[in-house]
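Worksheet: the structure to be examined is printed underneath.
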Amino acid sequence: MESVTAGALLVVGVAYGVGALNEGFGSVHDTGAGFFPFLVAVILVPAAAFVLVQELRGTATSAPADEDEEDFQGEVHWPRIGGVLVASAVVPAVGDDVGLVTTLSVAMIVIAKIMGLKGWWAPVALGVAFGVATWLIFVQWLYVPLPAGRLGLA
Amino acid sequence: MNVIPTAGRARIALVAALTALALLATACGSSDSGSSYPRRDVQVIVPYPAGSGIDTTTRALVDIINDDGDFGHRLQVVNREGGAGSVGTTAILNAKPDGYTIGVVPDGPLTLVPQTEDVSYDPDKLTVLNELIAGPIMFVVPGGSPFKDLGDLVDAAKAHPSSITIGEGPLNYRIPADLLEQKAGVKLKRVKFDGDQATTTALLGKNVDVGVMQLASALPQLSSGKLRALGITSADTVDLVPDVPTFKSQGIDVEWLAYNTLIAPEGLKADVKDKLASTFEKALKSDAFAKAAKKLGLIVSAAPPEEAAKHLKDKAANAKQVLGSSK
Amino acid sequence: MINDLAGGFAAFADPTYLLLALAGVVLGTLVGVLPGIGPIGAMSVLLGITTQVGPTGSLILFAGIYFGSTYGGSTTSILLNVPGEASSVVTAIDGNQMTRRGRAGPALTIAAISSFVAGTISIVGLMLFAPTLSSVAVKLGPPEYMALCLAGLVLLAALSNGSAAKSVVMICAGLAVGTVGIDPADGDLRFTLGTTTLAEGFSFIALVMGVFGIAEALTMAGRRWSPERVSAPRLRELLPNREETRQAAPAALRGSLIGFGLGLVPGPAAVLSTFASYVTEKKLSRHPEKFGRGAVEGVAGPEAANNAAAGAAFIPLMVLGIPFAPTMALVLAALLLNGIVPGPTFVDDQPEMFWTVIAAMYIGNLMLLVLNLPLVGLFTRLLAVPPQAMMPFIIGLCVVGVYADGNSMFDVVVMLVAGLLGFLLRRSGFSMAAFVLAVVLQPTLETSLRQTVAYSDGNATYLLGRPVAMVIVAAAVLTLVASAARALRNRRRPNVISADQSSQPTSQPPRQ
């Protein structure tokens with residue numbers, strides 16, 4: 001898992017470096033758009049390679065980064081994660097047509113069910129309350145034009 | 001202290017403020033004014049962030065139109081920044097030509113950027129409405145600079161090639177600097193800054209010898225004496241800064257104006273175009289805008305659509321000679 | 001000066017100003033608490049009414065929004081590990097750890113009080129030293145900005161608990177992501193794959209909400225067993241205990257100074273100052289291993305820093321007429337629309353406006369403290385919500401916040417993708433704080449680096465003529481060497497470390 005991540009970063013880093021040179025490195029007098037990205041790639045590629053080697057040899061530190069702690073370790077319920085992501089992705093997919101608030105409320109009800117919130121009353125109340133609050137705060141008070149969709153439901 | 005009059009005005013305003021805070025949307029609900037354009041609010045896209053120079057100009061103008069109320073519906077300023085103006089310009093030009101999406105753009109994305117970059121709009125397929133502002137570029141130095149005029153700058157640059165630093169920015173600033181180098185046969189050390197505010201800071205801190213910037217940005221600093229202008233790229237001296245000589249009067253044949261222009265997608269209906277053009281022309285020629293422009297350091301153009309379109313065409317053609325084959 | 005200030009306060013005999021200040025701080029707190037939409041959004045909306053409110057009123061209203069949002073920004077960081085603003089990313093690190101250890105109340109209280117202390121210090125600084133400070137600030141040029149950015153990134157990589165190599169990878173990734181879109185120096189478009197969507201670049205807010213908010217939600221979704229419910233805290237648990245207060249006070253003071261100093265630098269000063277304060281506190285602490293596990297100083301310092309930076313940001317605007325931050329550009333616009341053009345002579349030309357605004361800042365700060373402390377109890381009650389309901393709520397907040405920030409569905413997609421990638425990367429021990437700081441600093445770093453290269457003509461000796469830049473670099477290098485030396489010492493005596501950390505949930509191997 002870790003070595004796949006490191007490997008992917010390495011590949012992306014190399015591609016980025018090549019892309020940077022295509023954008024134009026320029027000269028010292030007139031640096032091009034690719035100047036800075038290329039420098040970044042020059043550091044990124046060896047660093048990613050170093051991490052990859054560490055992972056492959058099994059010498060990498062497994063300590064989580066500062067902000068993460070134990071949360072991001074251990075077993076994961078992948079189907080639930082997939083379900084949550086798919087439900088969320090519905091919002092950008094149809095939000096413009098159906099209306100952002102409506103779509104989001106429905107998505108939240110689905111996510112709450114995926115998460116195992118019991119019954120139907122609580123998830124529906126959550127979704128609807130959130131939708132109403134969002135509409136009041138963003139559309140009414142902050143005057144943010146959320147897409148209303150074809151039905152004009154916001 | 002003039003707190004009393006301000007406060008009086010503020011109290012009236014507070015009602016407006018709080019109403020606006022709570023129910024800003026009510027304006028949208030006002031009744032339909034017949035069957036003709038406009039039937040709803042019009043979005044005015046500005047391809048730069050809220051608070052930028054062009055945004056402030058646009059808002060000042062839009063406020064006048066909205067306060068006047070003759071247009072029938074409100075104009076709303078929408079900021080679509082990014083991509084050196086190309087994001088917002090794309091949003092305007094690729095919108096439906098129904099008159100509900102228009103925009104105020106600097107000329108760069110129409111005249112200059114397409115010559116050096118691949119853009120996702122066709123800079124020739126548009127409806128040009130009014131020209132709002134035609135602003136010259138100035139070369140500015142710190143108050144204590146040894147340069148008194150462009151001649152001093154040219155002499156110094158000849159004596160020490162590539163060592164006088166000049167702070168420039170986007171193409172609208174780069175080209176006048178290029179032109180100066182060409183016409184005077186000198187080489188300067190070019191440092192790119194991302195906007196007039198960064199250039200002003202560098203000038204005040206003497207981190208750059210000369211700065212290229214717009215009149216509007218430099219004005220408050222000029223009047224305080226912290227900065228001084230060597231020359232201005234207009235054809236004649238400008239009333240706002242009567243003692244700044246033109247480039248031409250100093251023997252350097254550079255004339256350069258940066259425009260802010262109201263545009264719409266190609267294929268705008270004639271009656272819609274006329275309505276928008278006349279509404280904006282009235283606002284541009286109003287006393288209120290003249291007063292605001294004077295404070296902001298803007299030179300109001302108010303050129304009608306045909307003339308505005310010609311300015312853009314000519315500028316693109318001129319720039320071609322300088323930019324050459326840099327794409 | 002006392003008379004001037006008294007005159008400023010006297011203007012508040014008019015209740016309009018008081019109401020505007022109140023409206024500003026309430027609205028600011030609201031947009032600060034809501035992730036995504038921030039002070040910039042709120043101010044852009046209100047630009048439309050500035051001419052009716054008048055210049056002084058606008059300044060009071062906008063200052064209230066700005067201060068309010070910096071106060072409110074830490075709330076979701078601490079409670080949900082979802083930073084609402086870039087400047088509260090750091091607060092999330094230890095603030096949320098405090099919440100997990102049942103100290104949410106104290107964390108929020110400390111954040112509010114630190115903010116108040118810092119706000120007050122920065123207003124006093126603004127009042128007393130504004131002209132001097134701004135003339136010093138403009139002397140800093142591209143080489144110094146570059147040095148500051150580099151120092152910030154290097155120290156972050158060196159001082160994080162995890163692998164330094166992984167931090168470097170994440171910093172580079174952040175810098176790389178930041179370069180998509182427009183080139184800040186030339187205006188060239190790059191890495192856009194020919195699309196306009198990418199020409200806008202990746203929305204910074206979308207990235208932050210993704211790698212923190214969505215990734216956090218996915219973690220909750222991924223747990224095989226639902227964690228136990230957190231019960232609502234009792235009142236006694238809302239206030240910091242003596243030990244926590246003793247640790248927080250000096251951190252808040254140091255954070256205020258760091259924030260005030262860095263707030264005078266153009267660009268992402270507020271964000272940089274929070275990281276700088278965090279690194280400083282960790283460096284000075286006798287128990288650096290507590291950082292990342294709920295260190296009180298890690299909340300007090302950065303929260304103070306971003307509020308002090310907020311106050312300091314007004315200095316270049318008021319004294320020079322130059323906005324150093326996007327929020328200040330909006331304040332400037334509000335003044336311009338009212339026909340006031342602030343320049344170097346602003347304070348002399350408009351003394352009563354200047355002093356009224358200073359008074360408004362004092363009053364606003366006090367209002368915020370009074371407003372925020374009671375909210376602590378209310379907010380901590382949110383923690384009693386079970387994760388099955390909290391998780392959809394977090395996703396909803398993130399989606400709406402990100403959409404509202406940029407009016408773009410693409411941003412929502414970016415957030416979801418960043419969330420998934422962030423989740424996977426965090427599982428592999430990559431630091432997202434490093435990534436976020438890198439994205440924030442990228443435009444300033446790139447511009448200043450390229451300007452410095454242009455100044456120097458490729459001749460490195462140019463930097464020797466910039467003593468301030470050299471000092472910044474030297475300080476960073478020294479810290480780096482010192483921590484490397486300590487890491488080496490620790491490696492020779494690994495048993496000390498493991499003994500030290502046996503009580504911690506995960507063991508922490510020596511730094512690479």
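Labels for the structure tokens follow display order: chains A, B, ..., residues from 1 in each chain, ligands from 1.
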Listing only residues of chain A within 8 Å of chain B, what is the closest atom pair and its distance in Å (to one decimal) for each, using only C-alpha atoms, sorted by chain and residue number ascending, as a tab-separated table?
```
residue	atom	partner	partner_atom	distance
A:His29	CA	B:Arg190	CA	7.6
A:Asp30	CA	B:Arg190	CA	7.9
A:Gln140	CA	B:Leu23	CA	6.3
A:Trp141	CA	B:Ala22	CA	5.3
A:Leu142	CA	B:Leu21	CA	7.3
A:Tyr143	CA	B:Leu24	CA	6.5
```
Exercise. Using only C-alpha atoms, determine which residues lie at most 9 Å from Ala93 of chain A, disregarding the query and same-chain residues fewer than 4 positions distant; provide the list as a list of chain:residue names.
Key: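 Within the cut-off, the hits are A:Ala89, A:Asp97, C:Met409, C:Val413.
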Export N, CA and C atoms of the chosen residues as a CSV table (one decimal), in the first residue's frame?
```csv
chain,number,residue,atom,x,y,z
A,89,ALA,N,-20.6,12.3,-4.7
A,89,ALA,CA,-20.4,12.7,-6.1
A,89,ALA,C,-21.7,13.0,-6.9
A,97,ASP,N,-28.5,20.8,-12.3
A,97,ASP,CA,-29.8,20.6,-12.9
A,97,ASP,C,-31.0,20.5,-11.9
C,409,MET,N,-19.0,24.0,-9.5
C,409,MET,CA,-19.2,22.6,-9.2
C,409,MET,C,-17.8,21.8,-9.3
C,413,VAL,N,-15.9,18.8,-7.1
C,413,VAL,CA,-15.2,17.6,-7.6
C,413,VAL,C,-13.8,17.6,-7.1
```
Name the residues of segment 58-257 of chain B that come out as helix (DSSP H, G or I) in a backbone DSSP run; write them as a CSV table (one decimal) with N, CA, C and O atoms, in the first residue's frame.
```csv
chain,number,residue,atom,x,y,z
B,58,THR,N,-15.8,49.0,-12.0
B,58,THR,CA,-17.1,48.4,-12.4
B,58,THR,C,-18.2,48.6,-11.4
B,58,THR,O,-19.3,49.0,-11.7
B,59,ARG,N,-17.9,48.4,-10.1
B,59,ARG,CA,-18.9,48.6,-9.1
B,59,ARG,C,-19.3,50.0,-9.0
B,59,ARG,O,-20.5,50.3,-8.7
B,60,ALA,N,-18.4,50.9,-9.1
B,60,ALA,CA,-18.7,52.3,-9.0
B,60,ALA,C,-19.8,52.7,-10.1
B,60,ALA,O,-20.8,53.3,-9.9
B,61,LEU,N,-19.5,52.1,-11.3
B,61,LEU,CA,-20.4,52.4,-12.4
B,61,LEU,C,-21.8,51.7,-12.2
B,61,LEU,O,-22.8,52.3,-12.5
B,62,VAL,N,-21.7,50.4,-11.8
B,62,VAL,CA,-22.9,49.6,-11.6
B,62,VAL,C,-23.8,50.3,-10.5
B,62,VAL,O,-25.0,50.3,-10.7
B,63,ASP,N,-23.2,50.8,-9.5
B,63,ASP,CA,-23.9,51.5,-8.4
B,63,ASP,C,-24.7,52.6,-9.0
B,63,ASP,O,-25.9,52.8,-8.6
B,64,ILE,N,-24.1,53.3,-9.9
B,64,ILE,CA,-24.8,54.5,-10.5
B,64,ILE,C,-26.0,54.0,-11.3
B,64,ILE,O,-27.1,54.6,-11.2
B,65,ILE,N,-25.8,53.0,-12.1
B,65,ILE,CA,-26.9,52.5,-12.9
B,65,ILE,C,-28.0,51.9,-12.0
B,65,ILE,O,-29.2,52.2,-12.2
B,66,ASN,N,-27.7,51.2,-11.0
B,66,ASN,CA,-28.7,50.6,-10.1
B,66,ASN,C,-29.4,51.7,-9.3
B,66,ASN,O,-30.6,51.6,-9.1
B,67,ASP,N,-28.7,52.7,-8.9
B,67,ASP,CA,-29.3,53.8,-8.1
B,67,ASP,C,-30.3,54.6,-9.0
B,67,ASP,O,-31.4,55.0,-8.6
B,68,ASP,N,-29.9,54.7,-10.3
B,68,ASP,CA,-30.7,55.4,-11.2
B,68,ASP,C,-32.0,54.7,-11.5
B,68,ASP,O,-33.1,55.3,-11.5
B,83,GLY,N,-6.3,32.9,-14.4
B,83,GLY,CA,-5.8,32.8,-15.7
B,83,GLY,C,-5.6,34.1,-16.4
B,83,GLY,O,-5.8,34.3,-17.6
B,84,ALA,N,-5.0,35.1,-15.7
B,84,ALA,CA,-4.7,36.4,-16.2
B,84,ALA,C,-5.9,37.0,-17.0
B,84,ALA,O,-5.8,37.6,-18.0
B,85,GLY,N,-7.1,36.8,-16.4
B,85,GLY,CA,-8.3,37.3,-17.0
B,85,GLY,C,-9.0,36.4,-18.0
B,85,GLY,O,-10.1,36.6,-18.4
B,86,SER,N,-8.3,35.3,-18.4
B,86,SER,CA,-8.9,34.4,-19.4
B,86,SER,C,-10.1,33.6,-18.9
B,86,SER,O,-10.9,33.3,-19.7
B,87,VAL,N,-10.1,33.3,-17.6
B,87,VAL,CA,-11.2,32.6,-17.1
B,87,VAL,C,-12.5,33.4,-17.2
B,87,VAL,O,-13.5,32.9,-17.8
B,88,GLY,N,-12.5,34.6,-16.7
B,88,GLY,CA,-13.7,35.4,-16.8
B,88,GLY,C,-14.1,35.8,-18.2
B,88,GLY,O,-15.2,35.8,-18.6
B,89,THR,N,-13.1,36.1,-19.1
B,89,THR,CA,-13.3,36.4,-20.4
B,89,THR,C,-14.0,35.2,-21.1
B,89,THR,O,-15.0,35.4,-21.9
B,90,THR,N,-13.5,34.0,-20.8
B,90,THR,CA,-14.2,32.8,-21.4
B,90,THR,C,-15.6,32.7,-21.0
B,90,THR,O,-16.5,32.4,-21.8
B,91,ALA,N,-15.8,33.0,-19.7
B,91,ALA,CA,-17.2,32.9,-19.1
B,91,ALA,C,-18.1,33.9,-19.8
B,91,ALA,O,-19.3,33.6,-20.1
B,92,ILE,N,-17.6,35.1,-20.2
B,92,ILE,CA,-18.4,36.1,-20.9
B,92,ILE,C,-18.7,35.7,-22.3
B,92,ILE,O,-19.8,35.6,-22.8
B,93,LEU,N,-17.6,35.4,-23.0
B,93,LEU,CA,-17.7,35.2,-24.5
B,93,LEU,C,-18.4,33.8,-24.8
B,93,LEU,O,-19.0,33.7,-25.9
B,108,GLY,N,-6.3,43.4,-22.2
B,108,GLY,CA,-5.2,42.4,-22.4
B,108,GLY,C,-5.8,41.0,-22.8
B,108,GLY,O,-5.3,40.5,-23.8
B,109,PRO,N,-6.8,40.5,-22.2
B,109,PRO,CA,-7.3,39.2,-22.6
B,109,PRO,C,-7.8,39.2,-24.0
B,109,PRO,O,-7.9,38.1,-24.6
B,110,LEU,N,-8.2,40.3,-24.6
B,110,LEU,CA,-8.7,40.4,-25.9
B,110,LEU,C,-7.6,40.7,-26.9
B,110,LEU,O,-7.6,40.1,-28.0
B,111,THR,N,-6.7,41.6,-26.6
B,111,THR,CA,-5.7,42.1,-27.6
B,111,THR,C,-4.4,41.5,-27.4
B,111,THR,O,-3.7,41.3,-28.4
B,113,VAL,N,-3.1,38.8,-24.7
B,113,VAL,CA,-2.9,37.4,-24.2
B,113,VAL,C,-3.1,36.4,-25.4
B,113,VAL,O,-2.3,35.5,-25.5
B,114,PRO,N,-4.1,36.6,-26.3
B,114,PRO,CA,-4.3,35.6,-27.3
B,114,PRO,C,-3.1,35.5,-28.3
B,114,PRO,O,-2.9,34.5,-29.0
B,115,GLN,N,-2.2,36.5,-28.2
B,115,GLN,CA,-1.1,36.5,-29.1
B,115,GLN,C,0.1,35.7,-28.5
B,115,GLN,O,1.0,35.3,-29.2
B,116,THR,N,0.0,35.5,-27.2
B,116,THR,CA,1.1,34.7,-26.6
B,116,THR,C,0.7,33.4,-26.0
B,116,THR,O,1.5,32.6,-25.7
B,150,LEU,N,12.7,61.0,-18.2
B,150,LEU,CA,13.1,59.8,-19.0
B,150,LEU,C,14.5,59.8,-19.5
B,150,LEU,O,15.2,58.8,-19.6
B,151,GLY,N,14.9,61.1,-19.8
B,151,GLY,CA,16.3,61.3,-20.3
B,151,GLY,C,17.3,60.8,-19.4
B,151,GLY,O,18.3,60.0,-19.7
B,152,ASP,N,17.1,61.1,-18.1
B,152,ASP,CA,18.1,60.6,-17.0
B,152,ASP,C,18.1,59.1,-17.0
B,152,ASP,O,19.2,58.5,-16.9
B,153,LEU,N,16.9,58.5,-17.1
B,153,LEU,CA,16.8,57.1,-17.0
B,153,LEU,C,17.6,56.4,-18.2
B,153,LEU,O,18.3,55.5,-18.1
B,154,VAL,N,17.3,57.0,-19.4
B,154,VAL,CA,18.0,56.5,-20.6
B,154,VAL,C,19.5,56.6,-20.5
B,154,VAL,O,20.3,55.7,-20.8
B,155,ASP,N,20.0,57.8,-20.0
B,155,ASP,CA,21.4,58.0,-19.9
B,155,ASP,C,22.0,57.0,-18.9
B,155,ASP,O,23.0,56.4,-19.2
B,156,ALA,N,21.3,56.8,-17.8
B,156,ALA,CA,21.9,55.9,-16.8
B,156,ALA,C,21.9,54.5,-17.3
B,156,ALA,O,22.8,53.7,-17.1
B,157,ALA,N,20.8,54.1,-18.1
B,157,ALA,CA,20.8,52.8,-18.7
B,157,ALA,C,21.9,52.6,-19.7
B,157,ALA,O,22.4,51.5,-19.9
B,158,LYS,N,22.2,53.6,-20.4
B,158,LYS,CA,23.3,53.5,-21.4
B,158,LYS,C,24.6,53.4,-20.7
B,158,LYS,O,25.5,52.6,-21.2
B,159,ALA,N,24.8,54.1,-19.6
B,159,ALA,CA,26.1,54.0,-18.9
B,159,ALA,C,26.2,52.7,-18.2
B,159,ALA,O,27.3,52.1,-18.1
B,171,LEU,N,1.4,41.8,-19.8
B,171,LEU,CA,1.8,42.3,-21.1
B,171,LEU,C,1.5,43.8,-21.3
B,171,LEU,O,2.3,44.5,-21.9
B,172,ASN,N,0.4,44.3,-20.7
B,172,ASN,CA,0.1,45.7,-20.9
B,172,ASN,C,1.2,46.6,-20.3
B,172,ASN,O,1.3,47.8,-20.6
B,173,TYR,N,2.0,46.1,-19.4
B,173,TYR,CA,3.1,46.9,-18.8
B,173,TYR,C,4.4,46.5,-19.5
B,173,TYR,O,5.4,47.3,-19.6
B,174,ARG,N,4.5,45.2,-19.9
B,174,ARG,CA,5.7,44.7,-20.5
B,174,ARG,C,6.0,45.4,-21.8
B,174,ARG,O,7.1,45.8,-22.1
B,175,ILE,N,4.9,45.6,-22.6
B,175,ILE,CA,5.2,46.2,-23.9
B,175,ILE,C,5.7,47.6,-23.9
B,175,ILE,O,6.7,47.9,-24.6
B,176,PRO,N,5.1,48.5,-23.1
B,176,PRO,CA,5.7,49.8,-23.0
B,176,PRO,C,7.2,49.8,-22.6
B,176,PRO,O,8.0,50.5,-23.1
B,177,ALA,N,7.5,48.9,-21.7
B,177,ALA,CA,8.9,48.7,-21.3
B,177,ALA,C,9.8,48.2,-22.4
B,177,ALA,O,10.9,48.7,-22.7
B,178,ASP,N,9.2,47.3,-23.2
B,178,ASP,CA,9.9,46.8,-24.4
B,178,ASP,C,10.1,47.9,-25.4
B,178,ASP,O,11.2,48.1,-25.9
B,179,LEU,N,9.1,48.7,-25.6
B,179,LEU,CA,9.1,49.8,-26.5
B,179,LEU,C,10.2,50.8,-26.1
B,179,LEU,O,11.0,51.3,-27.0
B,180,LEU,N,10.3,51.1,-24.8
B,180,LEU,CA,11.3,52.1,-24.4
B,180,LEU,C,12.7,51.5,-24.7
B,180,LEU,O,13.5,52.3,-25.2
B,181,GLU,N,12.9,50.3,-24.4
B,181,GLU,CA,14.2,49.7,-24.7
B,181,GLU,C,14.5,49.8,-26.1
B,181,GLU,O,15.7,50.1,-26.5
B,182,GLN,N,13.5,49.4,-27.0
B,182,GLN,CA,13.8,49.5,-28.4
B,182,GLN,C,14.1,50.9,-28.9
B,182,GLN,O,15.1,51.1,-29.6
B,183,LYS,N,13.2,51.8,-28.6
B,183,LYS,CA,13.3,53.2,-29.1
B,183,LYS,C,14.5,53.9,-28.6
B,183,LYS,O,15.1,54.7,-29.3
B,184,ALA,N,14.9,53.7,-27.3
B,184,ALA,CA,16.0,54.4,-26.8
B,184,ALA,C,17.3,53.6,-27.0
B,184,ALA,O,18.4,54.1,-26.7
B,196,ASP,N,0.1,46.2,-9.5
B,196,ASP,CA,0.5,47.5,-9.1
B,196,ASP,C,0.9,47.6,-7.7
B,196,ASP,O,1.7,48.4,-7.3
B,197,GLN,N,0.1,46.9,-6.8
B,197,GLN,CA,0.4,47.0,-5.4
B,197,GLN,C,1.7,46.5,-5.0
B,197,GLN,O,2.5,47.0,-4.2
B,198,ALA,N,2.1,45.4,-5.7
B,198,ALA,CA,3.5,44.8,-5.4
B,198,ALA,C,4.5,45.8,-5.9
B,198,ALA,O,5.5,46.0,-5.3
B,199,THR,N,4.3,46.4,-7.1
B,199,THR,CA,5.2,47.3,-7.6
B,199,THR,C,5.4,48.5,-6.7
B,199,THR,O,6.5,49.0,-6.5
B,200,THR,N,4.2,49.0,-6.3
B,200,THR,CA,4.3,50.2,-5.4
B,200,THR,C,5.1,49.9,-4.1
B,200,THR,O,5.9,50.7,-3.7
B,201,THR,N,4.8,48.7,-3.5
B,201,THR,CA,5.6,48.3,-2.3
B,201,THR,C,7.1,48.3,-2.6
B,201,THR,O,7.9,48.8,-1.9
B,202,ALA,N,7.4,47.7,-3.8
B,202,ALA,CA,8.9,47.6,-4.1
B,202,ALA,C,9.5,49.0,-4.3
B,202,ALA,O,10.6,49.3,-3.9
B,203,LEU,N,8.7,49.9,-4.9
B,203,LEU,CA,9.2,51.3,-5.1
B,203,LEU,C,9.4,52.0,-3.8
B,203,LEU,O,10.4,52.6,-3.6
B,204,LEU,N,8.4,51.9,-2.9
B,204,LEU,CA,8.5,52.5,-1.6
B,204,LEU,C,9.7,52.0,-0.8
B,204,LEU,O,10.3,52.8,-0.1
B,215,LEU,N,-2.0,54.9,-13.9
B,215,LEU,CA,-2.2,56.1,-13.2
B,215,LEU,C,-3.0,55.9,-11.9
B,215,LEU,O,-2.6,56.5,-10.9
B,216,ALA,N,-4.1,55.2,-12.0
B,216,ALA,CA,-5.0,55.0,-10.9
B,216,ALA,C,-4.2,54.5,-9.6
B,216,ALA,O,-4.4,55.0,-8.5
B,217,SER,N,-3.4,53.5,-9.8
B,217,SER,CA,-2.7,53.0,-8.7
B,217,SER,C,-1.6,53.9,-8.1
B,217,SER,O,-1.3,53.8,-6.9
B,218,ALA,N,-1.1,54.7,-8.9
B,218,ALA,CA,0.0,55.6,-8.5
B,218,ALA,C,-0.4,56.9,-7.9
B,218,ALA,O,0.3,57.5,-7.1
B,219,LEU,N,-1.6,57.3,-8.2
B,219,LEU,CA,-2.1,58.6,-7.9
B,219,LEU,C,-1.9,59.0,-6.4
B,219,LEU,O,-1.3,60.0,-6.1
B,220,PRO,N,-2.4,58.2,-5.4
B,220,PRO,CA,-2.3,58.6,-4.0
B,220,PRO,C,-0.8,58.7,-3.6
B,220,PRO,O,-0.5,59.6,-2.8
B,221,GLN,N,0.0,57.9,-4.1
B,221,GLN,CA,1.4,57.9,-3.8
B,221,GLN,C,2.1,59.2,-4.4
B,221,GLN,O,2.9,59.8,-3.8
B,222,LEU,N,1.7,59.5,-5.6
B,222,LEU,CA,2.2,60.7,-6.3
B,222,LEU,C,1.9,61.9,-5.5
B,222,LEU,O,2.7,62.8,-5.3
B,223,SER,N,0.6,62.0,-5.1
B,223,SER,CA,0.2,63.3,-4.5
B,223,SER,C,0.9,63.4,-3.1
B,223,SER,O,1.0,64.6,-2.6
B,224,SER,N,1.3,62.3,-2.5
B,224,SER,CA,2.0,62.5,-1.2
B,224,SER,C,3.5,62.7,-1.4
B,224,SER,O,4.2,62.9,-0.4
B,248,LYS,N,6.2,61.1,-25.5
B,248,LYS,CA,6.5,61.8,-26.8
B,248,LYS,C,7.2,63.1,-26.6
B,248,LYS,O,8.2,63.4,-27.3
B,249,SER,N,6.8,63.9,-25.6
B,249,SER,CA,7.4,65.2,-25.4
B,249,SER,C,8.8,65.1,-24.9
B,249,SER,O,9.6,66.0,-25.0
B,250,GLN,N,9.2,63.8,-24.5
B,250,GLN,CA,10.6,63.6,-24.1
B,250,GLN,C,11.4,62.9,-25.1
B,250,GLN,O,12.4,62.3,-24.9
```
Select from chain C every residue with an atom at most 7 Å from any atom of chain B, then for each give the shortest pair of atoms and their distance in Å to one decimal, using only C-alpha atoms, rows by chain and rising number, as a Markdown table.
```
| residue | atom | partner | partner_atom | distance |
| --- | --- | --- | --- | --- |
| C:Ala11 | CA | B:Val3 | CA | 6.5 |
| C:Asp14 | CA | B:Ala7 | CA | 6.9 |
| C:Thr16 | CA | B:Arg11 | CA | 5.7 |
| C:Ser44 | CA | B:Ala50 | CA | 6.1 |
| C:Ile49 | CA | B:Ala17 | CA | 6.4 |
| C:Gln52 | CA | B:Ala13 | CA | 4.9 |
| C:Val53 | CA | B:Ala13 | CA | 5.1 |
| C:Gly54 | CA | B:Ala10 | CA | 6.2 |
| C:Gly57 | CA | B:Ala10 | CA | 7.0 |
| C:Val138 | CA | B:Gly205 | CA | 4.5 |
| C:Lys139 | CA | B:Gly205 | CA | 4.1 |
| C:Leu140 | CA | B:Gly205 | CA | 6.9 |
| C:Gly141 | CA | B:Asn207 | CA | 6.0 |
| C:Gly181 | CA | B:Gly83 | CA | 6.2 |
| C:Ile182 | CA | B:Gly83 | CA | 4.7 |
| C:Pro184 | CA | B:Asp194 | CA | 6.3 |
| C:Ala185 | CA | B:Lys192 | CA | 5.8 |
| C:Asp186 | CA | B:Pro170 | CA | 6.2 |
| C:Gly187 | CA | B:Ala84 | CA | 5.3 |
| C:Asp188 | CA | B:Glu117 | CA | 6.7 |
| C:Leu189 | CA | B:Gly83 | CA | 6.4 |
| C:Thr196 | CA | B:Ser120 | CA | 6.3 |
| C:Ala199 | CA | B:Gly83 | CA | 5.2 |
| C:Glu200 | CA | B:Gly82 | CA | 4.7 |
| C:Ile322 | CA | B:Gln197 | CA | 6.1 |
| C:Ala329 | CA | B:Gly51 | CA | 4.9 |
| C:Leu330 | CA | B:Gly51 | CA | 4.4 |
| C:Leu332 | CA | B:Gly51 | CA | 6.9 |
| C:Ala333 | CA | B:Gly51 | CA | 4.8 |
| C:Leu336 | CA | B:Leu296 | CA | 6.9 |
| C:Leu337 | CA | B:Ala60 | CA | 6.1 |
| C:Gly339 | CA | B:Lys295 | CA | 6.1 |
| C:Val341 | CA | B:Pro220 | CA | 6.8 |
| C:Gly343 | CA | B:Pro220 | CA | 5.0 |
| C:Pro344 | CA | B:Ser224 | CA | 6.3 |
| C:Thr345 | CA | B:Ser224 | CA | 6.4 |
| C:Glu352 | CA | B:Met1 | CA | 6.4 |
| C:Gln451 | CA | B:Val191 | CA | 5.6 |
| C:Ala454 | CA | B:Val191 | CA | 5.8 |
| C:Tyr455 | CA | B:Val191 | CA | 6.9 |
```
Distance table requested - segment 96-121 of chain A against segment 82-86 of chain A, cut-off 10 Å, only C-alpha atoms: one row per qualifying residue with the closest atom pair and its distance in Å to one decimal, ordered by chain and rising residue number, as JSON lines.
```
{"residue": "A:Ala107", "atom": "CA", "partner": "A:Val84", "partner_atom": "CA", "distance": 8.9}
{"residue": "A:Met108", "atom": "CA", "partner": "A:Val84", "partner_atom": "CA", "distance": 9.2}
{"residue": "A:Val110", "atom": "CA", "partner": "A:Val84", "partner_atom": "CA", "distance": 8.2}
{"residue": "A:Ile111", "atom": "CA", "partner": "A:Val84", "partner_atom": "CA", "distance": 5.6}
{"residue": "A:Ala112", "atom": "CA", "partner": "A:Val84", "partner_atom": "CA", "distance": 8.9}
{"residue": "A:Lys113", "atom": "CA", "partner": "A:Val84", "partner_atom": "CA", "distance": 9.8}
{"residue": "A:Ile114", "atom": "CA", "partner": "A:Gly83", "partner_atom": "CA", "distance": 6.9}
{"residue": "A:Met115", "atom": "CA", "partner": "A:Val84", "partner_atom": "CA", "distance": 8.2}
```
